[in-house]
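File shown: final37.txt (compact mmCIF, C-alpha atoms).
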```
# COMPACT_ATOMS: atom_id res chain seq x y z
CA MET A 1 -127.27 -32.74 -17.48
CA MET A 2 -124.28 -31.13 -15.75
CA TYR A 3 -123.61 -28.60 -13.03
CA THR A 4 -122.49 -25.19 -14.16
CA ALA A 5 -119.65 -25.30 -11.65
CA ASP A 6 -118.27 -28.44 -13.28
CA ALA A 7 -118.56 -27.04 -16.79
CA VAL A 8 -116.73 -23.94 -15.64
CA LYS A 9 -113.93 -26.04 -14.17
CA ALA A 10 -113.53 -27.94 -17.43
CA VAL A 11 -113.06 -24.67 -19.30
CA LEU A 12 -110.85 -23.16 -16.63
CA ALA A 13 -108.42 -26.05 -16.87
CA ARG A 14 -107.52 -25.07 -20.44
CA ARG A 15 -108.16 -21.34 -20.60
CA GLY A 16 -104.50 -20.53 -21.29
CA GLU A 17 -104.17 -16.88 -22.32
CA ALA A 18 -107.77 -16.56 -23.37
CA ILE A 19 -109.98 -13.67 -22.35
CA VAL A 20 -112.98 -15.13 -20.53
CA ILE A 21 -116.36 -13.45 -20.16
CA PRO A 22 -117.87 -15.67 -17.48
CA GLY A 23 -121.37 -14.26 -17.95
CA ARG A 24 -123.95 -16.44 -16.28
CA GLY A 25 -121.19 -18.65 -14.93
CA GLY A 26 -119.52 -15.77 -13.16
CA ARG A 27 -120.27 -16.82 -9.59
CA HIS A 28 -118.43 -20.09 -10.24
CA TRP A 29 -115.63 -18.70 -12.36
CA VAL A 30 -114.48 -15.72 -10.33
CA PRO A 31 -113.48 -17.57 -7.14
CA LEU A 32 -111.45 -20.13 -9.12
CA SER A 33 -109.72 -18.04 -11.75
CA THR A 34 -106.03 -17.34 -11.40
CA ARG A 35 -105.99 -14.76 -14.23
CA PRO A 36 -108.46 -12.11 -13.11
CA GLY A 37 -106.87 -9.54 -15.39
CA LEU A 38 -108.07 -11.57 -18.37
CA ASP A 39 -111.52 -12.15 -16.89
CA VAL A 40 -114.44 -9.91 -17.78
CA PRO A 41 -117.11 -10.66 -15.16
CA LEU A 42 -119.75 -8.06 -15.88
CA GLY A 43 -122.76 -9.68 -14.28
CA ASP A 44 -125.72 -8.65 -16.38
CA PRO A 45 -125.38 -5.12 -17.81
CA ALA A 46 -128.47 -5.63 -19.98
CA MET A 47 -129.94 -9.01 -20.82
CA GLY A 48 -129.38 -10.29 -24.32
CA GLY A 49 -126.12 -8.47 -24.91
CA HIS A 50 -123.41 -10.86 -23.79
CA ALA A 51 -122.92 -12.36 -27.24
CA GLY A 52 -122.54 -8.91 -28.75
CA PHE A 53 -120.01 -7.89 -26.16
CA GLY A 54 -118.06 -11.08 -26.79
CA LEU A 55 -118.14 -10.49 -30.53
CA GLY A 56 -116.90 -6.94 -30.12
CA LEU A 57 -114.06 -8.00 -27.88
CA ALA A 58 -113.07 -10.79 -30.26
CA LEU A 59 -113.03 -8.40 -33.22
CA ALA A 60 -110.96 -5.86 -31.32
CA ARG A 61 -108.39 -8.47 -30.18
CA PRO A 62 -108.16 -10.94 -33.06
CA GLY A 63 -104.89 -12.37 -31.82
CA ARG A 64 -106.35 -13.68 -28.58
CA LYS A 65 -109.03 -16.27 -27.92
CA VAL A 66 -112.25 -14.99 -26.34
CA ILE A 67 -114.43 -17.44 -24.43
CA LEU A 68 -117.97 -16.45 -23.46
CA PHE A 69 -120.43 -18.18 -21.10
CA ASP A 70 -123.75 -17.03 -22.52
CA SER A 71 -127.19 -18.29 -21.50
CA GLU A 72 -130.22 -19.50 -23.39
CA GLY A 73 -132.33 -16.68 -21.99
CA ASP A 74 -129.88 -14.14 -23.41
CA ILE A 75 -129.70 -15.96 -26.73
CA LEU A 76 -133.46 -16.07 -27.07
CA MET A 77 -133.60 -12.32 -26.58
CA SER A 78 -131.10 -11.75 -29.38
CA LEU A 79 -131.29 -14.58 -31.88
CA GLY A 80 -130.29 -12.20 -34.65
CA MET A 81 -126.94 -11.72 -32.95
CA LEU A 82 -126.00 -15.24 -34.04
CA VAL A 83 -126.31 -14.13 -37.65
CA THR A 84 -124.09 -11.12 -37.05
CA ILE A 85 -121.46 -13.28 -35.37
CA ALA A 86 -121.59 -15.82 -38.17
CA GLU A 87 -121.14 -13.11 -40.78
CA GLN A 88 -118.16 -11.61 -38.97
CA GLN A 89 -116.53 -15.05 -38.57
CA PRO A 90 -114.28 -14.20 -35.61
CA ALA A 91 -111.84 -17.09 -35.65
CA ASN A 92 -110.95 -16.43 -32.00
CA PHE A 93 -114.48 -16.55 -30.57
CA TYR A 94 -115.70 -19.52 -28.48
CA HIS A 95 -119.37 -19.11 -27.65
CA LEU A 96 -120.55 -21.35 -24.84
CA MET A 97 -124.18 -21.30 -23.79
CA LEU A 98 -125.45 -22.48 -20.41
CA ASP A 99 -128.95 -23.87 -20.95
CA ASN A 100 -130.84 -24.39 -17.71
CA GLY A 101 -134.21 -24.16 -19.43
CA CYS A 102 -135.47 -21.35 -17.25
CA TYR A 103 -135.08 -17.82 -15.99
CA ALA A 104 -133.22 -18.85 -12.86
CA THR A 105 -132.61 -15.40 -11.44
CA THR A 106 -136.32 -14.57 -11.41
CA GLY A 107 -137.53 -17.75 -9.75
CA GLY A 108 -137.11 -20.47 -12.35
CA GLN A 109 -139.92 -19.80 -14.80
CA PRO A 110 -139.31 -21.84 -17.97
CA VAL A 111 -138.14 -20.11 -21.12
CA PRO A 112 -140.64 -20.51 -23.97
CA ASN A 113 -140.60 -24.00 -25.48
CA ALA A 114 -137.72 -24.86 -23.17
CA ASP A 115 -137.62 -28.59 -23.80
CA ASN A 116 -137.85 -28.48 -27.57
CA ILE A 117 -135.17 -26.07 -28.74
CA ALA A 118 -132.02 -27.26 -30.55
CA TYR A 119 -129.71 -24.32 -29.96
CA ASP A 120 -126.82 -25.92 -31.79
CA ALA A 121 -129.06 -26.32 -34.83
CA ILE A 122 -130.07 -22.67 -34.60
CA ALA A 123 -126.42 -21.60 -34.42
CA ARG A 124 -125.51 -23.82 -37.35
CA GLY A 125 -128.46 -22.49 -39.29
CA ALA A 126 -127.35 -18.93 -38.55
CA GLY A 127 -124.03 -19.72 -40.15
CA TYR A 128 -121.70 -20.86 -37.38
CA PRO A 129 -119.29 -23.26 -39.06
CA ARG A 130 -119.10 -25.43 -35.93
CA ALA A 131 -121.80 -26.01 -33.31
CA PHE A 132 -122.13 -28.63 -30.61
CA ALA A 133 -124.53 -29.63 -27.85
CA PHE A 134 -123.58 -31.53 -24.72
CA ALA A 135 -125.84 -32.83 -21.98
CA GLU A 136 -123.20 -34.77 -20.04
CA LEU A 137 -120.08 -33.36 -18.44
CA ASP A 138 -117.79 -36.18 -19.47
CA ASP A 139 -118.67 -35.75 -23.12
CA PHE A 140 -118.07 -32.01 -22.97
CA ALA A 141 -114.85 -32.26 -20.97
CA SER A 142 -113.37 -34.79 -23.37
CA ARG A 143 -114.28 -32.83 -26.51
CA TRP A 144 -113.55 -29.32 -25.24
CA PRO A 145 -109.77 -29.36 -25.80
CA ALA A 146 -110.19 -30.20 -29.48
CA ILE A 147 -112.98 -27.65 -29.86
CA LEU A 148 -110.78 -24.96 -28.33
CA ASP A 149 -107.82 -25.96 -30.48
CA GLY A 150 -109.92 -25.48 -33.61
CA PRO A 151 -110.97 -22.17 -35.15
CA GLY A 152 -113.97 -20.10 -34.18
CA PRO A 153 -116.57 -19.01 -34.27
CA VAL A 154 -117.86 -22.06 -32.51
CA PHE A 155 -121.06 -22.49 -30.55
CA VAL A 156 -121.35 -24.97 -27.67
CA ALA A 157 -124.68 -25.56 -25.93
CA LEU A 158 -124.38 -27.06 -22.45
CA LYS A 159 -127.41 -28.49 -20.66
CA VAL A 160 -127.05 -27.52 -17.00
CA PHE A 161 -129.07 -27.89 -13.82
CA PRO A 162 -130.96 -24.74 -12.86
CA GLU A 163 -129.69 -22.80 -9.86
CA VAL A 164 -132.86 -20.96 -9.04
CA GLU A 165 -132.80 -17.82 -6.95
CA ASN A 166 -135.89 -16.56 -5.23
CA ALA A 167 -134.51 -13.98 -2.81
CA PRO A 168 -135.13 -10.36 -3.78
CA ILE A 169 -132.23 -9.15 -5.88
CA GLY A 170 -131.22 -6.58 -3.32
CA ARG A 171 -130.72 -9.28 -0.68
CA ARG A 172 -128.64 -11.67 -2.74
CA ARG A 173 -124.99 -12.21 -1.94
CA ARG A 174 -122.85 -10.45 -4.50
CA TRP A 175 -120.16 -12.58 -6.09
CA GLN A 176 -118.62 -9.68 -7.98
CA THR A 177 -115.41 -8.41 -6.44
CA ARG A 178 -114.84 -5.49 -8.83
CA SER A 179 -117.03 -2.85 -10.42
CA ARG A 180 -117.73 -3.20 -14.13
CA THR A 181 -115.62 -0.21 -15.00
CA GLN A 182 -112.77 -1.58 -12.90
CA VAL A 183 -113.03 -4.89 -14.77
CA ILE A 184 -112.63 -3.08 -18.09
CA THR A 185 -109.76 -0.98 -16.74
CA ASP A 186 -107.97 -4.11 -15.51
CA LEU A 187 -108.49 -5.91 -18.82
CA ARG A 188 -107.06 -3.01 -20.79
CA ALA A 189 -104.05 -2.86 -18.49
CA GLU A 190 -103.50 -6.60 -18.89
CA LEU A 191 -103.69 -6.28 -22.68
CA GLY A 192 -101.46 -3.22 -22.77
CA ILE A 193 -104.15 -0.95 -24.16
CA VAL A 194 -103.46 2.73 -23.57
CA GLN A 195 -106.38 4.10 -21.54
CA MET B 1 -120.20 23.96 -55.05
CA SER B 2 -123.79 24.99 -55.66
CA GLU B 3 -125.89 26.45 -52.89
CA THR B 4 -128.11 23.40 -52.98
CA LYS B 5 -125.12 21.10 -52.61
CA ALA B 6 -123.68 23.15 -49.76
CA ALA B 7 -126.97 22.89 -47.93
CA GLU B 8 -126.84 19.10 -47.93
CA LEU B 9 -124.90 16.75 -45.73
CA SER B 10 -122.83 14.60 -48.05
CA PRO B 11 -121.82 11.05 -47.22
CA GLU B 12 -118.23 11.94 -48.14
CA THR B 13 -118.22 14.50 -45.34
CA VAL B 14 -119.48 11.98 -42.81
CA LEU B 15 -116.94 9.38 -43.91
CA GLY B 16 -114.21 12.01 -43.69
CA GLU B 17 -115.14 12.76 -40.09
CA MET B 18 -115.06 9.05 -39.23
CA LYS B 19 -111.54 8.71 -40.66
CA LYS B 20 -110.35 11.95 -39.10
CA HIS B 21 -111.36 10.74 -35.67
CA GLY B 22 -109.91 7.25 -35.95
CA VAL B 23 -113.06 5.17 -36.15
CA THR B 24 -112.15 1.50 -36.62
CA HIS B 25 -115.57 -0.19 -36.72
CA VAL B 26 -119.01 1.01 -37.76
CA VAL B 27 -121.79 -0.97 -36.12
CA TYR B 28 -124.89 -0.29 -38.13
CA LEU B 29 -128.31 -1.20 -39.30
CA PRO B 30 -128.96 0.18 -42.75
CA ASP B 31 -131.94 2.14 -43.89
CA SER B 32 -132.82 3.27 -47.36
CA GLU B 33 -131.43 6.75 -46.80
CA THR B 34 -127.89 5.63 -45.94
CA ASN B 35 -127.18 3.40 -48.90
CA TRP B 36 -124.59 5.67 -50.48
CA LEU B 37 -122.73 6.08 -47.21
CA TYR B 38 -122.82 2.31 -46.83
CA LEU B 39 -121.18 1.88 -50.22
CA LEU B 40 -118.49 4.40 -49.32
CA MET B 41 -117.80 2.71 -46.00
CA GLN B 42 -117.57 -0.68 -47.70
CA ALA B 43 -114.86 0.66 -49.96
CA GLU B 44 -112.90 2.23 -47.09
CA PRO B 45 -110.12 -0.15 -46.02
CA SER B 46 -109.63 1.44 -42.59
CA LEU B 47 -113.20 0.62 -41.54
CA ARG B 48 -114.75 -2.69 -40.60
CA LEU B 49 -118.51 -2.82 -40.89
CA VAL B 50 -120.53 -4.84 -38.40
CA GLY B 51 -124.14 -5.19 -39.46
CA VAL B 52 -126.76 -5.93 -36.82
CA THR B 53 -130.29 -7.23 -37.11
CA ARG B 54 -131.73 -5.07 -34.33
CA GLU B 55 -130.34 -1.75 -33.20
CA GLY B 56 -130.01 -2.66 -29.53
CA HIS B 57 -127.38 -5.22 -30.50
CA ALA B 58 -125.12 -2.39 -31.58
CA ALA B 59 -124.64 -1.18 -28.01
CA SER B 60 -123.14 -4.38 -26.61
CA ILE B 61 -121.01 -4.98 -29.71
CA ALA B 62 -119.64 -1.45 -29.48
CA ALA B 63 -118.98 -1.91 -25.77
CA GLY B 64 -116.93 -5.03 -26.50
CA LEU B 65 -115.02 -3.28 -29.26
CA ALA B 66 -114.23 -0.35 -26.99
CA ALA B 67 -113.17 -2.63 -24.14
CA GLY B 68 -110.69 -4.24 -26.52
CA GLY B 69 -109.16 -0.94 -27.59
CA ALA B 70 -111.04 -0.32 -30.84
CA LYS B 71 -112.96 2.87 -31.67
CA PRO B 72 -116.47 2.00 -32.77
CA LEU B 73 -119.19 4.26 -34.12
CA ILE B 74 -122.87 3.33 -34.14
CA LEU B 75 -124.93 4.27 -37.19
CA ILE B 76 -128.67 3.73 -36.82
CA GLN B 77 -131.99 5.50 -37.30
CA ASN B 78 -133.98 7.23 -34.55
CA THR B 79 -136.53 4.43 -34.54
CA GLY B 80 -133.72 2.02 -33.69
CA LEU B 81 -132.33 4.35 -31.07
CA MET B 82 -135.62 4.14 -29.22
CA GLU B 83 -135.58 0.38 -29.55
CA SER B 84 -132.11 0.34 -27.96
CA GLY B 85 -133.00 1.88 -24.60
CA ASP B 86 -132.03 -0.89 -22.19
CA SER B 87 -128.90 -1.81 -24.10
CA LEU B 88 -127.85 1.82 -24.17
CA ARG B 89 -128.37 2.01 -20.43
CA GLY B 90 -126.55 -1.17 -19.54
CA TRP B 91 -123.81 -1.54 -22.11
CA LEU B 92 -122.89 2.02 -23.05
CA LEU B 93 -123.75 4.17 -20.03
CA GLY B 94 -123.09 1.33 -17.58
CA LEU B 95 -119.65 0.55 -18.95
CA GLU B 96 -118.83 4.22 -19.54
CA VAL B 97 -118.30 3.84 -23.26
CA GLY B 98 -117.50 7.18 -24.86
CA LEU B 99 -118.54 6.90 -28.49
CA VAL B 100 -120.48 8.71 -31.18
CA MET B 101 -123.86 7.46 -32.30
CA MET B 102 -124.93 8.84 -35.66
CA VAL B 103 -128.70 8.72 -35.72
CA GLY B 104 -130.82 9.40 -38.76
CA TYR B 105 -133.50 11.85 -37.67
CA ARG B 106 -136.45 10.39 -39.54
CA GLY B 107 -139.31 12.83 -39.74
CA TRP B 108 -137.29 15.89 -38.76
CA THR B 109 -138.36 19.12 -40.38
CA ARG B 110 -137.90 22.82 -39.77
CA HIS B 111 -141.02 23.56 -41.74
CA GLY B 112 -144.62 23.05 -40.80
CA VAL B 113 -145.88 20.40 -38.45
CA THR B 114 -143.98 17.27 -37.48
CA THR B 115 -146.20 14.38 -38.49
CA ASP B 116 -143.85 11.43 -38.02
CA THR B 117 -143.95 10.20 -34.42
CA ALA B 118 -140.42 8.86 -34.87
CA ALA B 119 -139.36 12.51 -34.83
CA THR B 120 -141.84 13.51 -32.17
CA TYR B 121 -140.24 11.28 -29.55
CA THR B 122 -136.58 11.35 -30.58
CA GLU B 123 -135.31 14.28 -28.55
CA ARG B 124 -137.60 13.39 -25.64
CA PHE B 125 -136.00 9.95 -25.58
CA ILE B 126 -132.48 11.37 -25.72
CA ASN B 127 -133.24 13.81 -22.94
CA ALA B 128 -134.70 11.04 -20.80
CA PHE B 129 -131.30 9.38 -20.86
CA GLY B 130 -129.52 12.65 -20.19
CA LEU B 131 -127.45 12.36 -23.36
CA ASP B 132 -125.93 15.27 -25.22
CA TYR B 133 -126.57 15.59 -28.92
CA TYR B 134 -125.69 17.67 -31.94
CA LEU B 135 -127.96 18.28 -34.88
CA VAL B 136 -126.27 18.30 -38.29
CA GLU B 137 -128.13 19.31 -41.40
CA SER B 138 -125.46 20.20 -43.96
CA ASP B 139 -121.75 19.99 -44.70
CA ALA B 140 -121.35 23.31 -42.91
CA ASP B 141 -122.25 21.47 -39.70
CA ALA B 142 -119.42 18.96 -40.06
CA PRO B 143 -117.38 20.50 -37.20
CA ARG B 144 -120.21 19.54 -34.87
CA ILE B 145 -119.41 15.89 -35.55
CA GLY B 146 -115.89 16.61 -34.33
CA HIS B 147 -117.30 18.21 -31.21
CA ALA B 148 -119.30 15.05 -30.58
CA PHE B 149 -116.17 12.89 -30.81
CA ALA B 150 -114.30 15.16 -28.41
CA GLU B 151 -117.14 15.23 -25.92
CA ALA B 152 -117.60 11.47 -26.02
CA ALA B 153 -113.91 10.95 -25.26
CA LYS B 154 -113.93 13.49 -22.49
CA THR B 155 -117.13 12.40 -20.75
CA ARG B 156 -116.88 8.64 -21.43
CA ARG B 157 -120.52 8.68 -22.45
CA PRO B 158 -122.29 8.19 -25.75
CA VAL B 159 -122.86 11.41 -27.65
CA ILE B 160 -125.45 11.51 -30.39
CA VAL B 161 -125.21 13.20 -33.77
CA LEU B 162 -128.70 13.66 -35.12
CA VAL B 163 -128.64 13.76 -38.89
CA GLY B 164 -131.51 16.01 -39.82
CA ASP B 165 -130.88 16.24 -43.51
CA GLU B 166 -132.85 13.18 -44.56
CA TYR B 167 -129.50 12.19 -46.05
CA HIS B 168 -130.14 13.89 -49.38
CA GLY B 169 -126.79 12.92 -50.74
CA PHE B 170 -126.83 9.43 -49.32
CA ASN B 171 -129.22 7.78 -51.69
CA ARG B 172 -128.24 9.15 -55.05
```
Structure rendered as structure tokens:
Amino acid sequence: MMYTADAVKAVLARRGEAIVIPGRGGRHWVPLSTRPGLDVPLGDPAMGGHAGFGLGLALARPGRKVILFDSEGDILMSLGMLVTIAEQQPANFYHLMLDNGCYATTGGQPVPNADNIAYDAIARGAGYPRAFAFAELDDFASRWPAILDGPGPVFVALKVFPEVENAPIGRRRRWQTRSRTQVITDLRAELGIVQ
Amino acid sequence: MSETKAAELSPETVLGEMKKHGVTHVVYLPDSETNWLYLLMQAEPSLRLVGVTREGHAASIAAGLAAGGAKPLILIQNTGLMESGDSLRGWLLGLEVGLVMMVGYRGWTRHGVTTDTAATYTERFINAFGLDYYLVESDADAPRIGHAFAEAAKTRRPVIVLVGDEYHGFNR
């Protein structure tokens, strides 16, 4: 098992010009990133939708890699999205999934059948041409460059330690530094999209 | 054109409005009534079709497309619209995505009693979200689709086109 912060650092080291949707890894990504204009830290607009947002962005910008940090809770809410992504075959889409086995933001309750799900097998079965699962940081960090150099769509399940939050949501420290609409505005400016 | 034909909403008209307003992607979940439109869209080189397995998925996909500079349109049925509530809230309203959602108005009728609860709750649902909508029932209503595109761009909110024709021409 690995820490989300370490997985994020491994990706950050080779992000290049990629658009990154830090998703559930946002609190670790945002303070370290040196390309905030290419980051899309949205927090959680509505659970289960990160993969769809990543797909849409990848389809709209086919010339640029899009890296998403999804979560197993989101994936389980929208398993059918994997089929849609596989059908669309976005060659620039790199779909990482942080699997902590639980709903960490609501107190750490386990996701159904948490210890017995092979997410890489589900992705492969949905039609992803490449899917991987890593439980150890060293394995992931050593394989990630080659994975990123290859074509998407690719699915990478990462087994991470839970970071459980129990404080009421209203009392939690916000890690977001920009509003969601500002994030989109900044991304469009960075990509030269006329508003 | 016969009177009967003029009173129907043809799929060619809908496709024409999509092209006229620069739609790049149609995110959709098919139903039996839209098959002919689906075939037309498939043959249209300026459109990319993105099929979903549950209507709520369309909201986040469309939000990503819009963020990246594309112009998506969502094509679903009213049953799926109601399924999409939280995604609509978070991904479309939350990210201020101005787009048109074409929604098949299953059960809509101007005659007699509405017996399909899909129709019973459709406008109540839309009003609960404070969304504007236009009802189209025939080709003569096509300009209303244009109004929906203009309003979506201006307000940066989803605007719904309710298709109340049962898509007569769409399943021939």
Might you pull out every residue within 10 Å of region 157-170 of chain A, with only C-alpha atoms counted and same-chain residues fewer than 3 positions away left off, and present them as a PyMOL selection string?
-> chain A and resi 1-7+69-72+95-109+118-121+123+131-137+140+173-174
How would the residues just picked look written out with C-alpha atoms as a CSV table (one decimal), in the coordinates of the input?
```
chain,number,residue,atom,x,y,z
A,1,MET,CA,-127.3,-32.7,-17.5
A,2,MET,CA,-124.3,-31.1,-15.8
A,3,TYR,CA,-123.6,-28.6,-13.0
A,4,THR,CA,-122.5,-25.2,-14.2
A,5,ALA,CA,-119.6,-25.3,-11.6
A,6,ASP,CA,-118.3,-28.4,-13.3
A,7,ALA,CA,-118.6,-27.0,-16.8
A,69,PHE,CA,-120.4,-18.2,-21.1
A,70,ASP,CA,-123.8,-17.0,-22.5
A,71,SER,CA,-127.2,-18.3,-21.5
A,72,GLU,CA,-130.2,-19.5,-23.4
A,95,HIS,CA,-119.4,-19.1,-27.6
A,96,LEU,CA,-120.6,-21.4,-24.8
A,97,MET,CA,-124.2,-21.3,-23.8
A,98,LEU,CA,-125.4,-22.5,-20.4
A,99,ASP,CA,-129.0,-23.9,-21.0
A,100,ASN,CA,-130.8,-24.4,-17.7
A,101,GLY,CA,-134.2,-24.2,-19.4
A,102,CYS,CA,-135.5,-21.4,-17.2
A,103,TYR,CA,-135.1,-17.8,-16.0
A,104,ALA,CA,-133.2,-18.8,-12.9
A,105,THR,CA,-132.6,-15.4,-11.4
A,106,THR,CA,-136.3,-14.6,-11.4
A,107,GLY,CA,-137.5,-17.8,-9.8
A,108,GLY,CA,-137.1,-20.5,-12.4
A,109,GLN,CA,-139.9,-19.8,-14.8
A,118,ALA,CA,-132.0,-27.3,-30.6
A,119,TYR,CA,-129.7,-24.3,-30.0
A,120,ASP,CA,-126.8,-25.9,-31.8
A,121,ALA,CA,-129.1,-26.3,-34.8
A,123,ALA,CA,-126.4,-21.6,-34.4
A,131,ALA,CA,-121.8,-26.0,-33.3
A,132,PHE,CA,-122.1,-28.6,-30.6
A,133,ALA,CA,-124.5,-29.6,-27.8
A,134,PHE,CA,-123.6,-31.5,-24.7
A,135,ALA,CA,-125.8,-32.8,-22.0
A,136,GLU,CA,-123.2,-34.8,-20.0
A,137,LEU,CA,-120.1,-33.4,-18.4
A,140,PHE,CA,-118.1,-32.0,-23.0
A,173,ARG,CA,-125.0,-12.2,-1.9
A,174,ARG,CA,-122.8,-10.4,-4.5
```
Quick one: which chain A residues come within 6 Å of chain B, and what is the nearest atom pair for each with the distance in Å to one decimal, counting all atoms listed in the file, rows ordered by chain and ascending number, as a tab-separated table?
```
residue	atom	partner	partner_atom	distance
A:Pro45	CA	B:Gly90	CA	4.5
A:Ala46	CA	B:Gly90	CA	4.9
A:Gly49	CA	B:Ser60	CA	5.3
A:Gly52	CA	B:Ile61	CA	4.3
A:Phe53	CA	B:Gly64	CA	4.2
A:Gly56	CA	B:Gly64	CA	4.1
A:Leu57	CA	B:Gly64	CA	4.4
A:Ala60	CA	B:Gly68	CA	5.1
A:Gly80	CA	B:Thr53	CA	5.5
A:Thr84	CA	B:Val52	CA	5.8
A:Thr181	CA	B:Leu95	CA	5.7
```
Give me the residues within 7 Å of Leu68 (chain A) as a list of chain:residue names, counting all atoms listed in the file and dropping any in the same chain fewer than 5 places off.
->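 Residues meeting the cut-off are A:Val20, A:Ile21, A:Pro22, A:Gly23, A:Gly54, A:Tyr94, A:His95, A:Leu96.
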Point-to-point distance from CA of Pro41 (chain A) to CA of Leu191 (chain A), Å rounded to tenths |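 Separating CA of Pro41 (chain A) from CA of Leu191 (chain A) is a distance of 16.0 Å.
Every protein or nucleic acid residue with an atom no more than 9 Å from Leu79 (chain A), counting all atoms listed in the file and leaving out same-chain residues fewer than 3 positions away, appears here: Gly48, Asp74, Ile75, Leu76, Leu82, Val83, Ile122, Ala123 and Ala126 of chain A.
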Using only C-alpha atoms, pick whichever of B:Asp31, B:Glu55, B:Glu83, B:Asp165 has the shortest atom-to-atom distance to Ser138 (chain B).
->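 With only C-alpha atoms as the atom set, the closest residue is B:Asp165.
CA of Gly16 (chain A) to CA of Pro153 (chain A) spans 17.8 Å [interatomic distance, one decimal].
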Selection near region 150-152 of chain A, 10 Å with all atoms listed in the file, sequence-local residues under 3 positions removed, as an NGL selection string = :A and (65-66 or 86 or 89-95 or 128-131 or 144-147 or 155)
Skip Arg178 (chain A) itself and residues of its chain fewer than 6 positions away, then list as a PyMOL selection string all residues within 12 Å of it, counting all atoms listed in the file.
-> chain A and resi 30+36-37+39-43+184-187
Each side padded by 6 Å, which centre and which edge lengths in Å (one decimal) define the axis-aligned box around the listed atoms of region 164-170 of chain A? Give them as lines of an AutoDock Vina configuration file.
```
center_x = -133.6
center_y = -13.8
center_z = -5.9
size_x = 16.7
size_y = 26.4
size_z = 18.2
```
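In this model, the gap between CA of Gly73 (chain A) and CA of Val111 (chain A) comes to 6.8 Å.
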Between A:Arg35, A:Arg143, A:His28, A:Arg172, which is the closest to Glu190 (chain A) once you count only C-alpha atoms?
->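 Ranked by minimum distance to Glu190 (chain A), first place goes to A:Arg35.
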Would you mind completing region 72-83 of chain A to N, CA and C atoms and writing the output as an mmCIF file, in the frame of the given file?
```cif
data_model
loop_
_atom_site.group_PDB
_atom_site.id
_atom_site.type_symbol
_atom_site.label_atom_id
_atom_site.label_comp_id
_atom_site.auth_asym_id
_atom_site.auth_seq_id
_atom_site.Cartn_x
_atom_site.Cartn_y
_atom_site.Cartn_z
ATOM 1 N N GLU A 72 -129.159 -19.353 -22.388
ATOM 2 C CA GLU A 72 -130.220 -19.500 -23.390
ATOM 3 C C GLU A 72 -131.230 -18.366 -23.299
ATOM 4 N N GLY A 73 -131.424 -17.826 -22.106
ATOM 5 C CA GLY A 73 -132.330 -16.680 -21.990
ATOM 6 C C GLY A 73 -131.805 -15.474 -22.747
ATOM 7 N N ASP A 74 -130.496 -15.243 -22.651
ATOM 8 C CA ASP A 74 -129.880 -14.140 -23.410
ATOM 9 C C ASP A 74 -129.984 -14.391 -24.906
ATOM 10 N N ILE A 75 -129.659 -15.613 -25.305
ATOM 11 C CA ILE A 75 -129.700 -15.960 -26.730
ATOM 12 C C ILE A 75 -131.095 -15.745 -27.312
ATOM 13 N N LEU A 76 -132.104 -16.191 -26.546
ATOM 14 C CA LEU A 76 -133.460 -16.070 -27.070
ATOM 15 C C LEU A 76 -133.888 -14.615 -27.223
ATOM 16 N N MET A 77 -133.303 -13.738 -26.427
ATOM 17 C CA MET A 77 -133.600 -12.320 -26.580
ATOM 18 C C MET A 77 -132.949 -11.714 -27.818
ATOM 19 N N SER A 78 -131.900 -12.355 -28.306
ATOM 20 C CA SER A 78 -131.100 -11.750 -29.380
ATOM 21 C C SER A 78 -130.692 -12.777 -30.419
ATOM 22 N N LEU A 79 -131.643 -13.532 -30.909
ATOM 23 C CA LEU A 79 -131.290 -14.580 -31.880
ATOM 24 C C LEU A 79 -130.569 -14.004 -33.103
ATOM 25 N N GLY A 80 -130.935 -12.803 -33.480
ATOM 26 C CA GLY A 80 -130.290 -12.200 -34.650
ATOM 27 C C GLY A 80 -128.805 -11.976 -34.465
ATOM 28 N N MET A 81 -128.370 -11.913 -33.212
ATOM 29 C CA MET A 81 -126.940 -11.720 -32.950
ATOM 30 C C MET A 81 -126.128 -12.891 -33.498
ATOM 31 N N LEU A 82 -126.723 -14.072 -33.512
ATOM 32 C CA LEU A 82 -126.000 -15.240 -34.040
ATOM 33 C C LEU A 82 -125.665 -15.021 -35.523
ATOM 34 N N VAL A 83 -126.544 -14.406 -36.229
ATOM 35 C CA VAL A 83 -126.310 -14.130 -37.650
ATOM 36 C C VAL A 83 -125.165 -13.134 -37.824
#
```
